[in-house]
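Asker: The structure that follows is given in the form of structure tokens.
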Amino acid sequence: MHKIALEWVEEGRNRSQAFSFDKPNEPPIRIGRDESQCDVILKDSSKTVSGLHVEIFFDVKKHTFYLRNLTSKRNRPNPAWVNGQKVVTEEVPLKHRATIQLGKMTLNANVTSDAPQEQPVHGLKCHVCGHVSPQASLSLVCQWCGTSLAAAPTAVFFPDETP
């Protein structure tokens with residue numbers, strides 16, 4: 001089972017909502033001011049949060065929650081921010097703890113999962129092009145630029161990260 005808990009402060013009070021995703025094709029969590037369209041309703045008197053601002057969905061294949069900005073097709077999109085990264089048109093993964101900024105409202109997302117954790121991969125990092133050659137396909141030279149890896153430093157990364 002995959003869970004996400006959202007916490008925020010609204011009108012001086014701590015608020016929270018939790019959601020579980022245990023079946024394929026679960027509907028996304030919609031966040032904004034509009035009570036008729038959203039699962040998480042933010043009372044934002046300054047109206048910096050859109051009526052239907054963002055949605056959070058779960059990608060079953062990647063075992064990852066993502067945030068999508070639903071204002072991206074407007075003439076003037078209302079950006080969201082995830083851990084300081086501006087989100088307008090792209091979908092951004094939400095890792096274990098994420099901070100989501102919608103206008104003047106800040107939400108903290110706590111993601112938990114029963115999915116098996118991926119094991120880190122070791123390899124050698126090329127000092128010329130920066131690519132990491134995983135140990136499983138290691139050779140004496142970088143497969144991207146041909147530089148010798150004899151003195152290359154060891155790098156550790158997770159398979160879903162771009163080394």
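Letters for chains follow the order of the structure tokens (A, B, ...), residue numbers begin at 1 for each chain, and ligand numbers begin at 1 in the order shown.
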For A:Ala150, work out the shell of residues within 8 Å, counting only C-alpha atoms and skipping chain neighbours fewer than 2 positions away, then give it as a PyMOL selection string.
Answerer: chain A and resi 140-141+148+152
Asker: If we count only C-alpha atoms and set the cut-off at 7 Å, which residues sit around A:Gln17, ignoring sequence neighbours fewer than 4 positions away in its own chain? Please answer as a PyMOL selection string.
Answerer: chain A and resi 5-7
Asker: Next, dump the selected residues to file, keeping only all heavy atoms, as a PDB file, in the first residue's frame.
Answerer:
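Generated file (part_2.pdb):
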ATOM      1  N   ALA A   5       0.403  11.654   3.158  1.00  0.00           N
ATOM      2  CA  ALA A   5      -0.264  12.504   4.141  1.00  0.00           C
ATOM      3  C   ALA A   5       0.134  13.950   3.861  1.00  0.00           C
ATOM      4  O   ALA A   5       1.318  14.246   3.717  1.00  0.00           O
ATOM      5  CB  ALA A   5       0.128  12.103   5.554  1.00  0.00           C
ATOM      6  N   LEU A   6      -0.854  14.810   3.773  1.00  0.00           N
ATOM      7  CA  LEU A   6      -0.620  16.233   3.539  1.00  0.00           C
ATOM      8  C   LEU A   6      -0.924  16.997   4.816  1.00  0.00           C
ATOM      9  O   LEU A   6      -1.950  16.760   5.454  1.00  0.00           O
ATOM     10  CB  LEU A   6      -1.515  16.738   2.403  1.00  0.00           C
ATOM     11  CG  LEU A   6      -1.330  16.051   1.051  1.00  0.00           C
ATOM     12  CD1 LEU A   6      -2.411  16.490   0.075  1.00  0.00           C
ATOM     13  CD2 LEU A   6       0.048  16.331   0.490  1.00  0.00           C
ATOM     14  N   GLU A   7      -0.020  17.900   5.182  1.00  0.00           N
ATOM     15  CA  GLU A   7      -0.187  18.721   6.383  1.00  0.00           C
ATOM     16  C   GLU A   7       0.036  20.178   6.012  1.00  0.00           C
ATOM     17  O   GLU A   7       0.929  20.488   5.225  1.00  0.00           O
ATOM     18  CB  GLU A   7       0.840  18.310   7.443  1.00  0.00           C
ATOM     19  CG  GLU A   7       0.749  16.866   7.859  1.00  0.00           C
ATOM     20  CD  GLU A   7       1.919  16.420   8.718  1.00  0.00           C
ATOM     21  OE1 GLU A   7       2.944  17.138   8.764  1.00  0.00           O
ATOM     22  OE2 GLU A   7       1.827  15.345   9.327  1.00  0.00           O
TER      23      GLU A   7
END
Asker: Please provide as a ChimeraX atom specification all residues within 12 Å of A:Phe19, with the sequence filter that same-chain residues fewer than 5 positions apart are discarded (counting only C-alpha atoms).
Answerer: /A:1-7,26-30,39-40,56-58,65,109-113
Asker: Can you tell me which residues surround A:Glu35 at a distance of at most 10 Å, considering only C-alpha atoms, apart from same-chain residues fewer than 6 positions away, and format the answer as a ChimeraX atom specification?
Answerer: /A:41-43,51-52
Asker: Could you pull out the strand (DSSP E or B) residues of stretch 51-105 of chain A, going by DSSP on the backbone, and write them as a CSV table (one decimal) with C-alpha atoms, in the first residue's frame?
Answerer:
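Everything below was put into states.csv:
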chain,number,residue,atom,x,y,z
A,54,VAL,CA,-2.7,20.8,-8.7
A,55,GLU,CA,-3.2,17.1,-8.5
A,56,ILE,CA,-1.2,14.3,-7.0
A,57,PHE,CA,-1.3,10.9,-8.7
A,58,PHE,CA,0.4,7.6,-8.2
A,59,ASP,CA,2.4,5.9,-10.9
A,64,THR,CA,6.1,7.0,-7.1
A,65,PHE,CA,3.7,9.9,-6.4
A,66,TYR,CA,3.8,12.8,-8.8
A,67,LEU,CA,2.5,16.4,-8.7
A,68,ARG,CA,1.0,17.9,-11.8
A,69,ASN,CA,0.0,21.6,-12.2
A,80,ALA,CA,3.4,25.4,-7.9
A,81,TRP,CA,6.7,24.8,-6.1
A,82,VAL,CA,8.0,21.4,-4.9
A,85,GLN,CA,11.5,23.7,-7.8
A,86,LYS,CA,9.0,25.7,-9.9
A,87,VAL,CA,6.3,23.4,-11.5
A,91,GLU,CA,5.2,16.3,-13.6
A,92,VAL,CA,7.4,16.3,-10.5
A,93,PRO,CA,8.0,13.2,-8.3
A,94,LEU,CA,7.3,13.6,-4.6
A,97,ARG,CA,9.2,14.3,2.5
A,98,ALA,CA,8.3,17.1,0.1
A,99,THR,CA,7.3,20.7,0.6
A,100,ILE,CA,4.6,22.0,-1.8
A,101,GLN,CA,4.0,25.7,-2.2
A,102,LEU,CA,0.8,26.8,-3.8
A,105,MET,CA,0.0,28.2,1.2
Asker: Choose the residue, out of A:Asn25, A:Thr154, A:Thr106, A:Gln143, that has the smallest atom-to-atom separation from A:Glu10; count only C-alpha atoms.
Answerer: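 Of all the options, A:Thr106 lies closest to A:Glu10.
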Asker: Between A:Pro153, A:Gly84, A:Pro79, A:Gly12, which residue has the minimum interatomic distance to A:Gly103, considering only C-alpha atoms?
Answerer: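 Using only C-alpha atoms, the shortest distance to A:Gly103 belongs to A:Pro79.
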Asker: In Å, rounded to a single decimal, give me how far atom CA of A:Gln135 is from atom CA of A:His63.
Answerer: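 These atoms are spaced 24.7 Å apart.
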Asker: Quick one: of A:Arg74, A:His127, A:His53, A:Arg13, who's nearest to A:Ala151, counting only C-alpha atoms?
Answerer: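 Of the candidates, the smallest distance to A:Ala151 is held by A:His127.
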Asker: Quick one: pull the distance between atom CA of A:Arg33 and atom CA of A:Val88, Å, one decimal.
Answerer: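 Atom CA of A:Val88 lies 18.2 Å from atom CA of A:Arg33.
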Asker: Please determine, counting only C-alpha atoms, which residue among A:Asp22, A:Asn83, A:Gly32, A:Thr89 has the shortest atom-to-atom distance to A:Asn108.
Answerer: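 For A:Asn108, the nearest of the candidates is A:Asn83.
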